[in-house]
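Student: Okay, here's the structure, questions in a sec.
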Amino acid sequence: MSLEAVFYKAFRGIRVDKAAFDPYMPRLTSPAPCRRRNLRIVPMMKTTASLKPAEVEKKWIVIDAENAVVGRLASFIAMRLRGKHRPDYTPHVDCGDFVVVVNADKVKFTGKKLTDKVYYWHTGHPGGIKERTAEKILGGKFPERILEKAVERMLPKESPLARKQMTHLRIYTSAEHPHAAQNPETIAFAEMNAKNVRSA
């Protein structure tokens, strides 16, 4: 039985640095080469328990999308929906917040995306490919679909959890919303970074 196996058997639950068994590998704590008899034993780190669904406390936040850049706003919303802003973030648990967006029809695109970005969909019939630019959608009947589609594409694909988290996103084209009873917290998205908004 090797010396490494003996120490792993003797110190169960304690991680032994494998570099300490190599006599030619220098130790991190000493410039001298490591000896087999001079082992460096490191206690194992305790893994924190995963967040349980019953322990999640969801918040309600309100974001004003007026003059906000679509991509930057969508990435911030996707982060809050997934709960990645939390220190106890658990990937398989719905630990995100409820997000309410107002003035969604006043979002901005950078560069030439307003006229050059094209959204495609298919009717299901042969040759039924359709297209529409971002400018036409923003000026149409459902301008909130621009932001909704941007957030949806930043969440995990074909995921039941992502579909559930998308139901926690409420987008409105006006400055009013019917969620005052939830006492939502207002997020100053425009003040977080100067690049978050565009005036033109």
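Within each chain, counting starts at residue 1; across the structure tokens, chains are named A, B, ... in the order shown, with ligands numbered 1 upward in that order.
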Need to verify the contact set: Ala104 (chain A), 7 Å, only C-alpha atoms, exclusion of same-chain residues closer than 2 positions in sequence. Can you return it as an mmCIF file with N, CA and C atoms, in the first residue's frame?
Tutor:
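What landed in selection_22.cif:
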data_model
loop_
_atom_site.group_PDB
_atom_site.id
_atom_site.type_symbol
_atom_site.label_atom_id
_atom_site.label_comp_id
_atom_site.auth_asym_id
_atom_site.auth_seq_id
_atom_site.Cartn_x
_atom_site.Cartn_y
_atom_site.Cartn_z
ATOM 1 N N ALA A 65 -38.086 51.962 -18.397
ATOM 2 C CA ALA A 65 -37.319 51.643 -19.615
ATOM 3 C C ALA A 65 -37.205 52.806 -20.574
ATOM 4 N N GLU A 66 -37.586 54.001 -20.149
ATOM 5 C CA GLU A 66 -37.519 55.139 -21.063
ATOM 6 C C GLU A 66 -36.069 55.455 -21.421
ATOM 7 N N VAL A 101 -41.756 46.355 -15.704
ATOM 8 C CA VAL A 101 -41.120 47.327 -16.597
ATOM 9 C C VAL A 101 -42.188 48.271 -17.136
ATOM 10 N N VAL A 102 -41.946 49.565 -17.023
ATOM 11 C CA VAL A 102 -42.861 50.575 -17.549
ATOM 12 C C VAL A 102 -42.162 51.336 -18.676
ATOM 13 N N LYS A 106 -40.515 52.934 -25.193
ATOM 14 C CA LYS A 106 -39.561 54.031 -25.363
ATOM 15 C C LYS A 106 -38.116 53.570 -25.249
ATOM 16 N N VAL A 107 -37.876 52.270 -25.437
ATOM 17 C CA VAL A 107 -36.506 51.759 -25.380
ATOM 18 C C VAL A 107 -35.740 52.222 -26.617
ATOM 19 N N GLU A 144 -44.001 46.133 -26.784
ATOM 20 C CA GLU A 144 -43.333 45.497 -25.645
ATOM 21 C C GLU A 144 -42.699 44.162 -26.007
ATOM 22 N N ILE A 171 -44.512 43.611 -18.395
ATOM 23 C CA ILE A 171 -44.064 44.725 -19.234
ATOM 24 C C ILE A 171 -45.271 45.564 -19.621
ATOM 25 N N TYR A 172 -45.148 46.888 -19.445
ATOM 26 C CA TYR A 172 -46.223 47.818 -19.772
ATOM 27 C C TYR A 172 -45.658 48.971 -20.601
ATOM 28 N N THR A 173 -46.452 49.432 -21.554
ATOM 29 C CA THR A 173 -46.015 50.527 -22.418
ATOM 30 C C THR A 173 -46.284 51.894 -21.806
#
Student: Find the spatial neighbours of Arg82 (chain A), counting only C-alpha atoms, within a cut-off of 9 Å - ignore same-chain residues fewer than 4 positions away - and output them as a list in words.
Tutor: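 The residues that qualify are Ile77, Ala78, Tyr89, Pro91, Val93, Asp94, Cys95, Gly96, Asp97, Leu155, Ala162 and Gln165 of chain A.
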Student: Work out how far CA of Arg198 (chain A) is from CA of Asp116 (chain A), in Å to one decimal.
Tutor: 17.9 Å
Student: So which one's closest to Phe109 (chain A), A:His125, A:Lys52, A:Arg163, A:Arg72? Using only C-alpha atoms, please.
Tutor: A:Arg72
Student: List the neighbours of Thr48 (chain A) out to 12 Å using only C-alpha atoms; skip same-chain residues closer than 5 positions along the sequence, and give me the result as number ranges by chain.
Tutor: A: 87-90
Student: If we count only C-alpha atoms and set the cut-off at 8 Å, which residues sit around Trp121 (chain A), ignoring sequence neighbours fewer than 5 positions away in its own chain? Please answer as a tab-separated table (two decimals) with C-alpha atoms, in the first residue's frame.
Tutor:
chain	number	residue	atom	x	y	z
A	129	ILE	CA	-41.24	32.94	-43.58
A	130	LYS	CA	-42.08	36.42	-42.31
A	131	GLU	CA	-39.88	39.27	-41.23
Student: Region 85-105 of chain A near region 183-187 of chain A within 10 Å: what's each residue's closest atom pair and its distance in Å to one decimal, counting only C-alpha atoms, ordered by chain then ascending residue number, as JSON lines?
Tutor:
{"residue": "A:Phe98", "atom": "CA", "partner": "A:Pro184", "partner_atom": "CA", "distance": 8.8}
{"residue": "A:Val99", "atom": "CA", "partner": "A:Pro184", "partner_atom": "CA", "distance": 8.8}
{"residue": "A:Val100", "atom": "CA", "partner": "A:Pro184", "partner_atom": "CA", "distance": 8.4}
Student: Out of A:His168, A:Thr110, A:Ile63, A:Gly83, which residue has the shortest atom-to-atom distance to Met192 (chain A) when counting only C-alpha atoms?
Tutor: A:Ile63
Student: Looking at A:Lys112, A:Arg170, A:Lys58, A:His92, which one is nearest to Leu147 (chain A), with distances taken over only C-alpha atoms?
Tutor: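 Of A:Lys112, A:Arg170, A:Lys58, A:His92, the one nearest Leu147 (chain A), counting only C-alpha atoms, is A:Arg170.
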Student: Check the smallest atom-to-atom distance from each of A:Glu152, A:Glu57, A:Glu176, A:Glu191 to Ala74 (chain A) using only C-alpha atoms, then report the winner.
Tutor: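 Of the candidates, the smallest distance to Ala74 (chain A) is held by A:Glu152.
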Student: Going by DSSP on the backbone, which residues of region 20-147 of chain A come out as strand (DSSP E or B)? List them as a ChimeraX atom specification.
Tutor: /A:26,33,41-43,60-64,68-69,98-102,108,118-122,129-133
Student: Could those residues be written to a file, using N, CA and C atoms, as a PDB file, in the first residue's frame?
Tutor:
ATOM      1  N   PRO A  26       7.881  21.915  -5.665  1.00  0.00           N
ATOM      2  CA  PRO A  26       8.127  22.805  -4.513  1.00  0.00           C
ATOM      3  C   PRO A  26       6.840  23.150  -3.787  1.00  0.00           C
ATOM      4  N   PRO A  33      12.203  21.836  -1.418  1.00  0.00           N
ATOM      5  CA  PRO A  33      11.372  20.768  -1.997  1.00  0.00           C
ATOM      6  C   PRO A  33      10.643  19.988  -0.920  1.00  0.00           C
ATOM      7  N   ILE A  41      -1.562  18.988   5.414  1.00  0.00           N
ATOM      8  CA  ILE A  41      -2.937  18.525   5.526  1.00  0.00           C
ATOM      9  C   ILE A  41      -3.853  19.738   5.604  1.00  0.00           C
ATOM     10  N   VAL A  42      -4.816  19.789   4.670  1.00  0.00           N
ATOM     11  CA  VAL A  42      -5.727  20.931   4.567  1.00  0.00           C
ATOM     12  C   VAL A  42      -7.130  20.459   4.906  1.00  0.00           C
ATOM     13  N   PRO A  43      -7.809  21.068   5.882  1.00  0.00           N
ATOM     14  CA  PRO A  43      -9.193  20.670   6.186  1.00  0.00           C
ATOM     15  C   PRO A  43     -10.103  20.960   4.995  1.00  0.00           C
ATOM     16  N   TRP A  60     -40.334  42.543  -5.414  1.00  0.00           N
ATOM     17  CA  TRP A  60     -40.919  43.163  -6.602  1.00  0.00           C
ATOM     18  C   TRP A  60     -40.110  44.415  -6.898  1.00  0.00           C
ATOM     19  N   ILE A  61     -39.664  44.560  -8.139  1.00  0.00           N
ATOM     20  CA  ILE A  61     -38.906  45.745  -8.528  1.00  0.00           C
ATOM     21  C   ILE A  61     -39.558  46.371  -9.757  1.00  0.00           C
ATOM     22  N   VAL A  62     -39.411  47.681  -9.873  1.00  0.00           N
ATOM     23  CA  VAL A  62     -39.951  48.447 -11.005  1.00  0.00           C
ATOM     24  C   VAL A  62     -38.788  49.119 -11.717  1.00  0.00           C
ATOM     25  N   ILE A  63     -38.771  49.003 -13.043  1.00  0.00           N
ATOM     26  CA  ILE A  63     -37.717  49.609 -13.857  1.00  0.00           C
ATOM     27  C   ILE A  63     -38.369  50.474 -14.915  1.00  0.00           C
ATOM     28  N   ASP A  64     -37.895  51.704 -15.024  1.00  0.00           N
ATOM     29  CA  ASP A  64     -38.368  52.608 -16.075  1.00  0.00           C
ATOM     30  C   ASP A  64     -37.480  52.418 -17.301  1.00  0.00           C
ATOM     31  N   ALA A  68     -33.802  53.564 -22.344  1.00  0.00           N
ATOM     32  CA  ALA A  68     -32.854  52.527 -21.949  1.00  0.00           C
ATOM     33  C   ALA A  68     -32.447  51.704 -23.164  1.00  0.00           C
ATOM     34  N   VAL A  69     -31.180  51.287 -23.198  1.00  0.00           N
ATOM     35  CA  VAL A  69     -30.675  50.443 -24.276  1.00  0.00           C
ATOM     36  C   VAL A  69     -31.240  49.034 -24.091  1.00  0.00           C
ATOM     37  N   PHE A  98     -39.732  39.383  -8.994  1.00  0.00           N
ATOM     38  CA  PHE A  98     -40.752  39.820  -9.944  1.00  0.00           C
ATOM     39  C   PHE A  98     -40.305  41.178 -10.496  1.00  0.00           C
ATOM     40  N   VAL A  99     -40.300  41.311 -11.814  1.00  0.00           N
ATOM     41  CA  VAL A  99     -39.807  42.521 -12.465  1.00  0.00           C
ATOM     42  C   VAL A  99     -40.953  43.173 -13.224  1.00  0.00           C
ATOM     43  N   VAL A 100     -41.182  44.452 -12.934  1.00  0.00           N
ATOM     44  CA  VAL A 100     -42.202  45.244 -13.621  1.00  0.00           C
ATOM     45  C   VAL A 100     -41.485  46.321 -14.421  1.00  0.00           C
ATOM     46  N   VAL A 101     -41.756  46.355 -15.704  1.00  0.00           N
ATOM     47  CA  VAL A 101     -41.120  47.327 -16.597  1.00  0.00           C
ATOM     48  C   VAL A 101     -42.188  48.271 -17.136  1.00  0.00           C
ATOM     49  N   VAL A 102     -41.946  49.565 -17.023  1.00  0.00           N
ATOM     50  CA  VAL A 102     -42.861  50.575 -17.549  1.00  0.00           C
ATOM     51  C   VAL A 102     -42.162  51.336 -18.676  1.00  0.00           C
ATOM     52  N   LYS A 108     -34.406  52.150 -26.528  1.00  0.00           N
ATOM     53  CA  LYS A 108     -33.543  52.624 -27.607  1.00  0.00           C
ATOM     54  C   LYS A 108     -32.622  51.496 -28.086  1.00  0.00           C
ATOM     55  N   VAL A 118     -33.658  42.557 -37.837  1.00  0.00           N
ATOM     56  CA  VAL A 118     -34.850  41.941 -38.405  1.00  0.00           C
ATOM     57  C   VAL A 118     -35.270  40.756 -37.540  1.00  0.00           C
ATOM     58  N   TYR A 119     -36.544  40.690 -37.230  1.00  0.00           N
ATOM     59  CA  TYR A 119     -37.121  39.574 -36.481  1.00  0.00           C
ATOM     60  C   TYR A 119     -37.859  38.667 -37.470  1.00  0.00           C
ATOM     61  N   TYR A 120     -37.576  37.375 -37.400  1.00  0.00           N
ATOM     62  CA  TYR A 120     -38.182  36.400 -38.301  1.00  0.00           C
ATOM     63  C   TYR A 120     -39.130  35.483 -37.538  1.00  0.00           C
ATOM     64  N   TRP A 121     -40.159  35.022 -38.225  1.00  0.00           N
ATOM     65  CA  TRP A 121     -41.022  33.969 -37.713  1.00  0.00           C
ATOM     66  C   TRP A 121     -41.636  33.247 -38.900  1.00  0.00           C
ATOM     67  N   HIS A 122     -42.158  32.072 -38.641  1.00  0.00           N
ATOM     68  CA  HIS A 122     -42.696  31.237 -39.716  1.00  0.00           C
ATOM     69  C   HIS A 122     -44.142  30.892 -39.405  1.00  0.00           C
ATOM     70  N   ILE A 129     -42.181  32.169 -44.396  1.00  0.00           N
ATOM     71  CA  ILE A 129     -41.244  32.938 -43.583  1.00  0.00           C
ATOM     72  C   ILE A 129     -41.645  34.413 -43.603  1.00  0.00           C
ATOM     73  N   LYS A 130     -41.704  35.008 -42.430  1.00  0.00           N
ATOM     74  CA  LYS A 130     -42.083  36.418 -42.307  1.00  0.00           C
ATOM     75  C   LYS A 130     -40.959  37.164 -41.619  1.00  0.00           C
ATOM     76  N   GLU A 131     -40.911  38.443 -41.851  1.00  0.00           N
ATOM     77  CA  GLU A 131     -39.877  39.269 -41.229  1.00  0.00           C
ATOM     78  C   GLU A 131     -40.436  40.652 -40.939  1.00  0.00           C
ATOM     79  N   ARG A 132     -39.822  41.273 -39.937  1.00  0.00           N
ATOM     80  CA  ARG A 132     -40.240  42.622 -39.555  1.00  0.00           C
ATOM     81  C   ARG A 132     -39.071  43.285 -38.828  1.00  0.00           C
ATOM     82  N   THR A 133     -38.811  44.523 -39.112  1.00  0.00           N
ATOM     83  CA  THR A 133     -37.707  45.234 -38.481  1.00  0.00           C
ATOM     84  C   THR A 133     -38.116  45.687 -37.082  1.00  0.00           C
TER      85      THR A 133
END
